[in-house]
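Asks: Would you mind keeping the following structure in view while I ask a few things?
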Protein chains: 2
Amino acid sequence: MEKFKVTPWEVTGVVNYEKLVKEFGLNLLTDELLKRIEKQTKELHLFLRRKIFFAHRDLDWLLNEYEKGNKFYLYTGRGPSGYTHLGHLIPWIFTKWLQDKFDAKLYFQITDDEKFLFKEKLSLEEVRAFAYDNILDLIALGFDQKKTFVFLNTEYSKTLYPQAIKVAKHITFSTARAVFGFKNESNIGQIFFTSMQAVPAFLESIKEKKNVPCLIPLAVDQDPHFRVARDVLPKLGFYKPAVIHSKFLPGLEKGGKMSTSEPETCIFTTDSQEEAEKKIMNAFTGGGATIKEQKEKGGKPEICSVYQYYYFLFESDDKKLKEIFENCKAGKRICGECKAELAKRVKEFLIEHQKKREKAKNLVEKFILRD
Amino acid sequence: MEKFKVTPWEVTGVVNYEKLVKEFGLNLLTDELLKRIEKQTKELHLFLRRKIFFAHRDLDWLLNEYEKGNKFYLYTGRGPSGYTHLGHLIPWIFTKWLQDKFDAKLYFQITDDEKFLFKEKLSLEEVRAFAYDNILDLIALGFDQKKTFVFLNTEYSKTLYPQAIKVAKHITFSTARAVFGFKNESNIGQIFFTSMQAVPAFLESIKEKKNVPCLIPLAVDQDPHFRVARDVLPKLGFYKPAVIHSKFLPGLEKGGKMSTSEPETCIFTTDSQEEAEKKIMNAFTGGGATIKEQKEKGGKPEICSVYQYYYFLFESDDKKLKEIFENCKAGKRICGECKAELAKRVKEFLIEHQKKREKAKNLVEKFILRD
């Protein structure tokens with residue numbers, strides 16, 4: 001089995017999610033839980049149907065509370081180390097769906113401090129510029145401006161820092177090192193940082209002066225922060241936040257997560273149509289060495305990055321997705337056509353999304369929280 | 001030789017300042033430097049004449065800059081873990097003198113975050129209450145309200161935190177552990193904290209958008225923070241701050257620094273006259289076992305805590321101080337009288353100071369900086 005690594009700051013290799021669930025101590029999202037969600041939402045988002053959101057912590061408790069009339073709020077975020085790519089959108093799209101279905105407030109934390117502290121070469125000014133670009137993507141997804149509160153840590157630190165030290169007082173260096181793998185060379189801002197990421201998990205409780213349940217949709221690499229936060233928050237008198245975890249949208253090359261540091265493997269929301277098309281046409285597939293071979297032996301959609309894009313984002317109809325899979329297997333669907341079709345859909349998405357990004361420029365101030 | 005320990009969070013034993021200068025890598029305040037100061041100030045504060053401020057870093061450089069017309073600002077502070085005692089006033093009184101003589105701005109940092117993080121049992125609310133009480137003592141000393149900027153870290157964190165992470169990025173865990181002695185059980189807020197204490201050493205440069213020299217008068221236990229900060233600041237484009245270090249006002253018992261955790265050894269500015277008198281009358285002295293013995297053999301002012309109070313604060317006339325010393329030595333000054341005289345002076349001070357503290361209550365808002 002190939003080696004893989006999943007930390008909040010590094011994801012490499014082909015992730016074995018089964019193994020990760022055990023390592024991180026997560027619970028798989030069961031069909032029973034999905035039914036309980038569907039009972040409230042009347043339908044299941046494709047990310048749930050397809051188990052793209054695949055694991056959780058305390059989601060059953062959260063639903064118990066909800067059924068008792070104890071509404072929850074949402075918390076997710078972004079580490080602004082570059083432009084937004086399609087992989088980043090997965091938790092945001094799902095969070096938007098949850099906001100709509102559960103009429104929930106959302107705190108969206110932009111960890112400019114984190115990216116500054118962890119990226120040797122990025123200045124705070126550069127990180128903040130990415131933050132304000134990334135916000136456009138968030139707004140473009142259609143979040144409710146009355147219920148969505150976006151903040152950069154460095155612009156909201158009068159609120160966050162005094163709460164963060166309350167968390168920090170309960171986290172020893174031993175714990176932080178064990179969970180995050182800090183070394184002697186780690187800087188002292190990195191070591192402190194998880195305290196800042198914990199705060200939005202109880203911020204609504206502070207504001208409302210009563211305990212409010214919190215649900216955190218996130219990509220699974222961020223889980224370690226909340227493993228720690230869930231230990232600390234009850235000591236401060238708050239509920240443990242519930243968490244729901246997504247898989248990573250794979251890169252367009254073989255294996256791994258889309259990575260900003262390898263731009264050829266990612267489609268950015270700011271890519272031109274030509275760039276996006278080129279990346280897709282160069283993508284790694286599960287096709288045969290020749291068209292002839294592929295027609296005879298069939299393709300391997302299970303290892304194909306192009307198929308994953310249909311699966312995650314670009315074919316919402318489960319039946320049609322199945323057809324794509326089966327036609328590929330049967331050698332009836334050839335990579336060139338399949339890529340061209342995906343490129344068409346991605347370009348359509350980009351055209352629409354980029355229009356919305358333009359409009360979002362006038363809305364930023366309506367979403368931003370500052371001290 | 002008795003063992004002693006001096007860290008920003010613990011001072012125990014009888015401090016050997018000569019040894020400390022070597023350990024910390026400080027420079028002694030030379031007569032030549034004192035002359036250069038006197039050239040500017042026309043007189044020397046008794047804390048300088050008596051070498052109560054005894055060591056420095058880069059004070060010669062600071063005076064060079066000043067002589068060239070490059071004025072400096074002052075930075076000192078307070079960790080609000082309890083009420084103010086007379087020992088705390090030493091650096092403040094001296095800072096006030098420097099402000100007057102050099103017409104200098106002062107940033108006064110109240111590290112409520114630090115005391116919350118380092119004192120197991122103190123809540124943030126308790127620490128803040130002490131902070132606002134301590135501010136009254138500061139104002140009572142007569143600082144210029146147009147040039148003095150006081151802030152609590154948790155109330156000024158929108159300004160401080162984004163700067164603190166710039167410092168933190170240059171401090172490894174190794175360095176922090178070596179300088180401050182952190183352990184595996186240290187909490188991650190403690191490890192980060194020195195970054196917050198570094199910020200006021202370049203805050204004026206940030207505000208003025210040009211490099212402004214900074215002088216930090218402090219009790220010598222706080223030096224380690226600035227040993228680290230002085231390494232980092234040039235990497236951010238700022239001057240290294242100059243530092244001038246004071247000795248500790250001894251406690252009224254044998255040896256050590258006044259300590260809030262041993263209230264019988266300290267005179268608090270909030271003590272009643274009766275409390276203060278009682279503490280002084282119970283103080284450790286260098287007297288003989290009996291009056292007869294003392295008259296015959298003389299006392300030992302060099303080990304007497306009562307003498308130290310005259311030396312530090314309650315006899316500004318060098319001639320009269322010498323008389324006290326010599327009369328004690330000669331057996332002409334008996335402990336009972338000597339304590340009674342000190343008690344009288346301390347009570348007079350407290351009456352005046354407490355009046356000023358009352359008046360200060362209306363002035364707090366004029367001194368406070370908040371985001």
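Residues in the structure tokens are numbered from 1 in each chain, the chains being A, B, ... in the order shown, and ligands are numbered from 1 in the order shown.
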Given only C-alpha atoms, how would the per-residue table for segment 148-215 of chain A near segment 100-118 of chain B read, listing every residue at most 12 Å away with its closest atom pair and distance in Å to one decimal, sorted by chain and number, as CSV?

Replies:
residue,atom,partner,partner_atom,distance
A:Tyr161,CA,B:Asp113,CA,9.1
A:Pro162,CA,B:Asp113,CA,7.4
A:Gln163,CA,B:Asp113,CA,10.2
A:Ala164,CA,B:Asp113,CA,10.1
A:Ile165,CA,B:Asp113,CA,7.1
A:Lys166,CA,B:Leu117,CA,8.0
A:Val167,CA,B:Leu117,CA,10.0
A:Ala168,CA,B:Leu117,CA,7.9
A:Lys169,CA,B:Leu117,CA,5.7
A:His170,CA,B:Leu117,CA,9.4
A:Ile171,CA,B:Leu117,CA,10.9
A:Thr172,CA,B:Leu117,CA,11.5

Asks: Which residues come within 12 Å of Lys339 of chain B, counting only C-alpha atoms, excluding same-chain residues fewer than 6 positions away, as JSON, numbers by chain?

Replies: {"B": [252, 276, 277, 278, 279, 280, 281, 282, 283, 284, 285, 286, 287, 304, 305, 306, 307, 308, 309, 310, 314, 324, 333, 345, 346, 347]}

Asks: Going by DSSP on the backbone, which residues of segment 103-199 of chain A come out as strand (DSSP E or B)? List them as number ranges by chain.

Replies: A: 106-110, 148-152, 172, 187

Asks: Using C-alpha atoms, can you export the residues from the last selection as a compact mmCIF listing (two decimals), in the first residue's frame?

Replies:
# COMPACT_ATOMS: atom_id res chain seq x y z
CA LEU A 106 -22.06 30.53 9.62
CA TYR A 107 -18.76 31.78 11.01
CA PHE A 108 -16.12 31.59 8.31
CA GLN A 109 -12.58 31.96 9.65
CA ILE A 110 -9.79 33.01 7.31
CA THR A 148 -22.70 34.58 7.23
CA PHE A 149 -19.85 36.18 9.15
CA VAL A 150 -16.43 36.14 7.54
CA PHE A 151 -13.30 37.33 9.30
CA LEU A 152 -9.53 37.33 8.95
CA THR A 172 0.31 21.61 26.83
CA ASN A 187 8.16 28.66 15.50

Asks: Give me the residues within 8 Å of Pro91 of chain A as a list in words, counting only C-alpha atoms and dropping any in the same chain fewer than 5 places off.

Replies: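 Result of the neighbour search: Thr76, Pro217, Leu218, Ala219 and Ser246 of chain A.
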
Asks: Any idea what the distance is between atom CA of Asn184 of chain A and atom CA of Ser174 of chain B?

Replies: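 Between atom CA of Asn184 of chain A and atom CA of Ser174 of chain B the gap works out to 5.0 Å.
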
Asks: For a quick check of understanding, using only C-alpha atoms, which of A:Pro8, A:Pro80, A:Gly142, A:Gly13 has the smallest distance to Arg357 of chain A?

Replies: A:Gly142

Asks: What's the 8 Å shell around Pro224 of chain B, counting only C-alpha atoms, without same-chain residues fewer than 6 positions away, as a PyMOL selection string?

Replies: chain B and resi 7-8+24+179-180

Asks: If we count only C-alpha atoms and set the cut-off at 9 Å, which residues sit around Arg50 of chain B, ignoring sequence neighbours fewer than 5 positions away in its own chain? Please answer as a PyMOL selection string.

Replies: chain B and resi 45+311-312+318

Asks: Next, dump the selected residues to file, keeping only C-alpha atoms, as a PDB file, in the first residue's frame.

Replies:
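Saved as part.pdb:
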ATOM      1  CA  HIS B  45      18.063  60.366  39.708  1.00  0.00           C
ATOM      2  CA  TYR B 311      18.085  53.305  50.275  1.00  0.00           C
ATOM      3  CA  PHE B 312      15.564  52.657  47.499  1.00  0.00           C
ATOM      4  CA  ASP B 318      22.586  60.885  50.064  1.00  0.00           C
TER       5      ASP B 318
END

Asks: Hey, what does DSSP flag as alpha helix (DSSP H) within segment 43-281 of chain B? Can you give it to me as a tab-separated table (two decimals) with N, CA and C atoms, in the first residue's frame?

Replies:
chain	number	residue	atom	x	y	z
B	46	LEU	N	18.22	59.43	41.92
B	46	LEU	CA	18.91	58.64	42.96
B	46	LEU	C	19.02	57.17	42.57
B	47	PHE	N	18.11	56.69	41.72
B	47	PHE	CA	18.22	55.30	41.26
B	47	PHE	C	19.46	55.09	40.41
B	48	LEU	N	19.94	56.18	39.80
B	48	LEU	CA	21.19	56.09	39.04
B	48	LEU	C	22.38	56.31	39.96
B	49	ARG	N	22.28	57.34	40.80
B	49	ARG	CA	23.39	57.62	41.73
B	49	ARG	C	23.70	56.40	42.57
B	59	LEU	N	22.68	51.25	25.88
B	59	LEU	CA	22.35	52.60	26.32
B	59	LEU	C	23.29	53.62	25.67
B	60	ASP	N	24.52	53.21	25.44
B	60	ASP	CA	25.49	54.09	24.77
B	60	ASP	C	25.02	54.43	23.36
B	61	TRP	N	24.54	53.43	22.65
B	61	TRP	CA	23.99	53.65	21.31
B	61	TRP	C	22.80	54.62	21.36
B	62	LEU	N	21.92	54.40	22.36
B	62	LEU	CA	20.74	55.25	22.49
B	62	LEU	C	21.13	56.70	22.70
B	63	LEU	N	22.16	56.91	23.53
B	63	LEU	CA	22.62	58.28	23.79
B	63	LEU	C	23.29	58.88	22.55
B	64	ASN	N	24.02	58.06	21.82
B	64	ASN	CA	24.57	58.53	20.54
B	64	ASN	C	23.45	59.07	19.65
B	65	GLU	N	22.39	58.26	19.52
B	65	GLU	CA	21.27	58.65	18.67
B	65	GLU	C	20.64	59.95	19.19
B	66	TYR	N	20.46	60.00	20.51
B	66	TYR	CA	19.83	61.18	21.10
B	66	TYR	C	20.68	62.42	20.84
B	67	GLU	N	21.97	62.26	20.99
B	67	GLU	CA	22.88	63.40	20.76
B	67	GLU	C	22.83	63.86	19.30
B	86	LEU	N	5.35	48.33	46.62
B	86	LEU	CA	6.35	49.38	46.44
B	86	LEU	C	7.44	48.98	45.45
B	87	GLY	N	7.76	47.68	45.42
B	87	GLY	CA	8.77	47.20	44.48
B	87	GLY	C	8.40	47.48	43.03
B	88	HIS	N	7.12	47.35	42.72
B	88	HIS	CA	6.69	47.61	41.34
B	88	HIS	C	6.91	49.06	40.93
B	89	LEU	N	6.89	49.94	41.94
B	89	LEU	CA	6.97	51.36	41.61
B	89	LEU	C	8.35	51.78	41.13
B	90	ILE	N	9.39	50.98	41.49
B	90	ILE	CA	10.77	51.40	41.18
B	90	ILE	C	10.95	51.71	39.68
B	91	PRO	N	10.66	50.76	38.78
B	91	PRO	CA	10.85	51.11	37.37
B	91	PRO	C	9.89	52.19	36.88
B	92	TRP	N	8.71	52.26	37.49
B	92	TRP	CA	7.74	53.27	37.03
B	92	TRP	C	8.19	54.68	37.41
B	93	ILE	N	8.66	54.80	38.66
B	93	ILE	CA	9.15	56.12	39.11
B	93	ILE	C	10.30	56.57	38.21
B	94	PHE	N	11.16	55.63	37.89
B	94	PHE	CA	12.31	55.98	37.05
B	94	PHE	C	11.86	56.31	35.62
B	95	THR	N	10.89	55.58	35.14
B	95	THR	CA	10.37	55.84	33.79
B	95	THR	C	9.73	57.23	33.72
B	96	LYS	N	9.02	57.58	34.78
B	96	LYS	CA	8.42	58.92	34.85
B	96	LYS	C	9.51	59.99	34.79
B	97	TRP	N	10.59	59.77	35.50
B	97	TRP	CA	11.71	60.72	35.49
B	97	TRP	C	12.30	60.83	34.07
B	98	LEU	N	12.47	59.68	33.44
B	98	LEU	CA	13.00	59.69	32.07
B	98	LEU	C	12.03	60.41	31.13
B	99	GLN	N	10.73	60.18	31.30
B	99	GLN	CA	9.76	60.86	30.46
B	99	GLN	C	9.90	62.37	30.59
B	100	ASP	N	10.01	62.83	31.83
B	100	ASP	CA	10.14	64.27	32.06
B	100	ASP	C	11.44	64.82	31.48
B	101	LYS	N	12.53	64.12	31.73
B	101	LYS	CA	13.83	64.65	31.35
B	101	LYS	C	14.07	64.59	29.84
B	102	PHE	N	13.52	63.58	29.20
B	102	PHE	CA	13.78	63.42	27.77
B	102	PHE	C	12.55	63.72	26.91
B	112	ASP	N	-2.07	41.26	30.82
B	112	ASP	CA	-3.12	40.45	31.45
B	112	ASP	C	-3.14	39.04	30.87
B	113	ASP	N	-2.83	38.94	29.56
B	113	ASP	CA	-2.76	37.61	28.94
B	113	ASP	C	-1.70	36.75	29.63
B	114	GLU	N	-0.52	37.34	29.85
B	114	GLU	CA	0.57	36.60	30.49
B	114	GLU	C	0.16	36.07	31.86
B	115	LYS	N	-0.36	36.95	32.68
B	115	LYS	CA	-0.66	36.53	34.05
B	115	LYS	C	-1.77	35.49	34.06
B	116	PHE	N	-2.73	35.64	33.15
B	116	PHE	CA	-3.76	34.60	33.02
B	116	PHE	C	-3.13	33.26	32.64
B	117	LEU	N	-2.19	33.30	31.70
B	117	LEU	CA	-1.59	32.06	31.20
B	117	LEU	C	-0.63	31.41	32.20
B	118	PHE	N	-0.01	32.22	33.04
B	118	PHE	CA	1.01	31.68	33.94
B	118	PHE	C	0.50	31.42	35.35
B	124	LEU	N	-9.27	35.33	33.68
B	124	LEU	CA	-8.97	36.54	32.91
B	124	LEU	C	-9.69	37.74	33.53
B	125	GLU	N	-10.84	37.50	34.07
B	125	GLU	CA	-11.61	38.58	34.68
B	125	GLU	C	-10.88	39.10	35.93
B	126	GLU	N	-10.34	38.19	36.72
B	126	GLU	CA	-9.60	38.60	37.92
B	126	GLU	C	-8.34	39.39	37.54
B	127	VAL	N	-7.66	38.90	36.52
B	127	VAL	CA	-6.43	39.57	36.10
B	127	VAL	C	-6.75	40.98	35.60
B	128	ARG	N	-7.83	41.10	34.86
B	128	ARG	CA	-8.20	42.43	34.34
B	128	ARG	C	-8.59	43.38	35.46
B	129	ALA	N	-9.21	42.85	36.50
B	129	ALA	CA	-9.57	43.70	37.64
B	129	ALA	C	-8.28	44.25	38.29
B	130	PHE	N	-7.28	43.39	38.45
B	130	PHE	CA	-6.00	43.86	38.97
B	130	PHE	C	-5.38	44.90	38.03
B	131	ALA	N	-5.50	44.64	36.74
B	131	ALA	CA	-4.93	45.57	35.75
B	131	ALA	C	-5.49	46.97	35.97
B	132	TYR	N	-6.81	47.06	36.09
B	132	TYR	CA	-7.42	48.39	36.24
B	132	TYR	C	-7.12	49.00	37.59
B	133	ASP	N	-6.85	48.17	38.59
B	133	ASP	CA	-6.41	48.72	39.86
B	133	ASP	C	-4.96	49.23	39.74
B	134	ASN	N	-4.11	48.44	39.11
B	134	ASN	CA	-2.70	48.82	38.96
B	134	ASN	C	-2.53	50.12	38.18
B	135	ILE	N	-3.42	50.35	37.22
B	135	ILE	CA	-3.34	51.58	36.41
B	135	ILE	C	-3.45	52.82	37.30
B	136	LEU	N	-4.23	52.71	38.38
B	136	LEU	CA	-4.38	53.86	39.28
B	136	LEU	C	-3.04	54.26	39.88
B	137	ASP	N	-2.21	53.27	40.20
B	137	ASP	CA	-0.89	53.57	40.76
B	137	ASP	C	0.00	54.26	39.74
B	138	LEU	N	-0.12	53.79	38.52
B	138	LEU	CA	0.67	54.39	37.45
B	138	LEU	C	0.30	55.86	37.29
B	139	ILE	N	-0.98	56.12	37.19
B	139	ILE	CA	-1.45	57.49	36.99
B	139	ILE	C	-1.09	58.35	38.20
B	140	ALA	N	-1.19	57.75	39.39
B	140	ALA	CA	-0.88	58.49	40.62
B	140	ALA	C	0.56	59.00	40.62
B	157	SER	N	-5.47	43.78	21.28
B	157	SER	CA	-4.89	42.66	20.53
B	157	SER	C	-5.09	42.78	19.03
B	158	LYS	N	-6.01	43.61	18.60
B	158	LYS	CA	-6.12	43.81	17.15
B	158	LYS	C	-4.86	44.51	16.63
B	159	THR	N	-4.31	45.38	17.45
B	159	THR	CA	-3.03	46.02	17.09
B	159	THR	C	-1.86	45.08	17.35
B	160	LEU	N	-1.88	44.40	18.50
B	160	LEU	CA	-0.70	43.65	18.93
B	160	LEU	C	-0.53	42.30	18.22
B	161	TYR	N	-1.62	41.54	18.10
B	161	TYR	CA	-1.48	40.16	17.61
B	161	TYR	C	-0.87	40.08	16.21
B	162	PRO	N	-1.33	40.91	15.26
B	162	PRO	CA	-0.72	40.81	13.92
B	162	PRO	C	0.78	41.15	13.92
B	163	GLN	N	1.20	41.99	14.84
B	163	GLN	CA	2.64	42.28	14.95
B	163	GLN	C	3.35	41.15	15.69
B	164	ALA	N	2.67	40.59	16.69
B	164	ALA	CA	3.28	39.53	17.49
B	164	ALA	C	3.60	38.31	16.62
B	165	ILE	N	2.74	37.99	15.67
B	165	ILE	CA	3.04	36.81	14.85
B	165	ILE	C	4.25	37.06	13.95
B	166	LYS	N	4.50	38.33	13.61
B	166	LYS	CA	5.72	38.62	12.85
B	166	LYS	C	6.97	38.31	13.67
B	167	VAL	N	6.88	38.59	14.96
B	167	VAL	CA	7.98	38.25	15.87
B	167	VAL	C	8.06	36.73	16.02
B	168	ALA	N	6.90	36.13	16.29
B	168	ALA	CA	6.83	34.69	16.57
B	168	ALA	C	7.45	33.86	15.45
B	173	PHE	N	10.87	27.05	18.87
B	173	PHE	CA	10.60	26.46	20.18
B	173	PHE	C	11.90	26.24	20.93
B	174	SER	N	12.94	25.79	20.25
B	174	SER	CA	14.26	25.62	20.89
B	174	SER	C	14.70	26.86	21.62
B	175	THR	N	14.64	27.98	20.93
B	175	THR	CA	15.08	29.24	21.53
B	175	THR	C	14.23	29.58	22.74
B	176	ALA	N	12.92	29.49	22.58
B	176	ALA	CA	12.03	29.84	23.69
B	176	ALA	C	12.29	28.94	24.90
B	177	ARG	N	12.50	27.66	24.64
B	177	ARG	CA	12.76	26.73	25.74
B	177	ARG	C	14.08	27.06	26.43
B	178	ALA	N	15.11	27.36	25.62
B	178	ALA	CA	16.42	27.65	26.20
B	178	ALA	C	16.37	28.91	27.06
B	179	VAL	N	15.67	29.93	26.59
B	179	VAL	CA	15.65	31.21	27.30
B	179	VAL	C	14.72	31.18	28.50
B	180	PHE	N	13.54	30.58	28.33
B	180	PHE	CA	12.52	30.67	29.39
B	180	PHE	C	12.35	29.37	30.18
B	188	ILE	N	0.61	26.23	25.57
B	188	ILE	CA	1.05	26.81	24.30
B	188	ILE	C	0.86	28.32	24.26
B	189	GLY	N	0.05	28.85	25.16
B	189	GLY	CA	-0.06	30.30	25.28
B	189	GLY	C	1.18	30.89	25.93
B	190	GLN	N	1.68	30.20	26.94
B	190	GLN	CA	2.93	30.63	27.60
B	190	GLN	C	4.07	30.69	26.59
B	191	ILE	N	4.12	29.68	25.74
B	191	ILE	CA	5.23	29.58	24.78
B	191	ILE	C	5.19	30.73	23.79
B	192	PHE	N	3.98	31.10	23.38
B	192	PHE	CA	3.80	32.20	22.41
B	192	PHE	C	4.02	33.57	23.04
B	193	PHE	N	3.77	33.67	24.35
B	193	PHE	CA	3.58	34.99	24.96
B	193	PHE	C	4.70	36.01	24.70
B	194	THR	N	5.94	35.58	24.72
B	194	THR	CA	7.03	36.57	24.58
B	194	THR	C	6.88	37.42	23.31
B	195	SER	N	6.22	36.87	22.31
B	195	SER	CA	5.96	37.63	21.07
B	195	SER	C	5.11	38.87	21.34
B	196	MET	N	4.17	38.74	22.27
B	196	MET	CA	3.31	39.88	22.60
B	196	MET	C	4.11	40.93	23.37
B	197	GLN	N	5.01	40.48	24.21
B	197	GLN	CA	5.81	41.44	25.00
B	197	GLN	C	6.83	42.16	24.11
B	198	ALA	N	7.17	41.58	22.99
B	198	ALA	CA	8.14	42.23	22.08
B	198	ALA	C	7.53	43.42	21.33
B	200	PRO	N	5.60	46.19	21.79
B	200	PRO	CA	5.75	47.62	22.09
B	200	PRO	C	7.17	48.14	21.87
B	201	ALA	N	8.14	47.24	21.73
B	201	ALA	CA	9.52	47.67	21.46
B	201	ALA	C	9.70	48.18	20.03
B	202	PHE	N	8.66	47.99	19.18
B	202	PHE	CA	8.72	48.61	17.85
B	202	PHE	C	7.40	49.26	17.45
B	203	LEU	N	6.48	49.35	18.40
B	203	LEU	CA	5.14	49.86	18.08
B	203	LEU	C	5.17	51.31	17.60
B	204	GLU	N	6.04	52.11	18.23
B	204	GLU	CA	6.12	53.52	17.81
B	204	GLU	C	6.67	53.61	16.38
B	205	SER	N	7.56	52.72	16.03
B	205	SER	CA	8.10	52.71	14.66
B	205	SER	C	7.00	52.36	13.66
B	206	ILE	N	6.12	51.43	14.03
B	206	ILE	CA	4.98	51.08	13.18
B	206	ILE	C	4.07	52.30	13.02
B	207	LYS	N	3.76	52.94	14.15
B	207	LYS	CA	2.83	54.07	14.11
B	207	LYS	C	3.40	55.26	13.35
B	208	GLU	N	4.70	55.49	13.56
B	208	GLU	CA	5.33	56.66	12.94
B	208	GLU	C	5.83	56.35	11.52
B	223	ASP	N	14.44	40.86	31.63
B	223	ASP	CA	15.42	40.94	30.54
B	223	ASP	C	15.32	39.82	29.50
B	224	PRO	N	15.07	38.56	29.90
B	224	PRO	CA	15.07	37.49	28.89
B	224	PRO	C	14.15	37.76	27.69
B	225	HIS	N	13.01	38.38	27.94
B	225	HIS	CA	12.11	38.70	26.82
B	225	HIS	C	12.83	39.55	25.77
B	226	PHE	N	13.65	40.48	26.25
B	226	PHE	CA	14.23	41.42	25.31
B	226	PHE	C	15.55	40.92	24.74
B	227	ARG	N	16.14	39.95	25.42
B	227	ARG	CA	17.27	39.26	24.82
B	227	ARG	C	16.79	38.61	23.52
B	228	VAL	N	15.61	37.99	23.58
B	228	VAL	CA	15.05	37.35	22.39
B	228	VAL	C	14.59	38.42	21.38
B	229	ALA	N	13.87	39.41	21.87
B	229	ALA	CA	13.33	40.44	20.97
B	229	ALA	C	14.46	41.18	20.24
B	230	ARG	N	15.56	41.39	20.94
B	230	ARG	CA	16.68	42.11	20.31
B	230	ARG	C	17.30	41.30	19.17
B	231	ASP	N	17.18	39.99	19.23
B	231	ASP	CA	17.64	39.17	18.09
B	231	ASP	C	16.69	39.28	16.90
B	232	VAL	N	15.41	39.40	17.20
B	232	VAL	CA	14.39	39.33	16.15
B	232	VAL	C	14.16	40.67	15.45
B	273	GLN	N	-2.70	52.32	56.69
B	273	GLN	CA	-1.52	52.77	57.46
B	273	GLN	C	-1.16	51.75	58.54
B	274	GLU	N	-2.19	51.18	59.13
B	274	GLU	CA	-1.96	50.20	60.20
B	274	GLU	C	-1.24	48.96	59.64
B	275	GLU	N	-1.72	48.48	58.50
B	275	GLU	CA	-1.09	47.30	57.90
B	275	GLU	C	0.37	47.58	57.57
B	276	ALA	N	0.60	48.74	56.95
B	276	ALA	CA	1.97	49.08	56.55
B	276	ALA	C	2.87	49.16	57.78
B	277	GLU	N	2.38	49.83	58.80
B	277	GLU	CA	3.18	49.99	60.02
B	277	GLU	C	3.52	48.63	60.63
B	278	LYS	N	2.51	47.78	60.69
B	278	LYS	CA	2.71	46.46	61.29
B	278	LYS	C	3.78	45.68	60.52
B	279	LYS	N	3.69	45.71	59.19
B	279	LYS	CA	4.67	44.97	58.38
B	279	LYS	C	6.09	45.49	58.62
B	280	ILE	N	6.20	46.81	58.71
B	280	ILE	CA	7.54	47.39	58.91
B	280	ILE	C	8.06	47.05	60.31
B	281	MET	N	7.20	47.15	61.30
B	281	MET	CA	7.65	46.87	62.66
B	281	MET	C	8.06	45.39	62.82
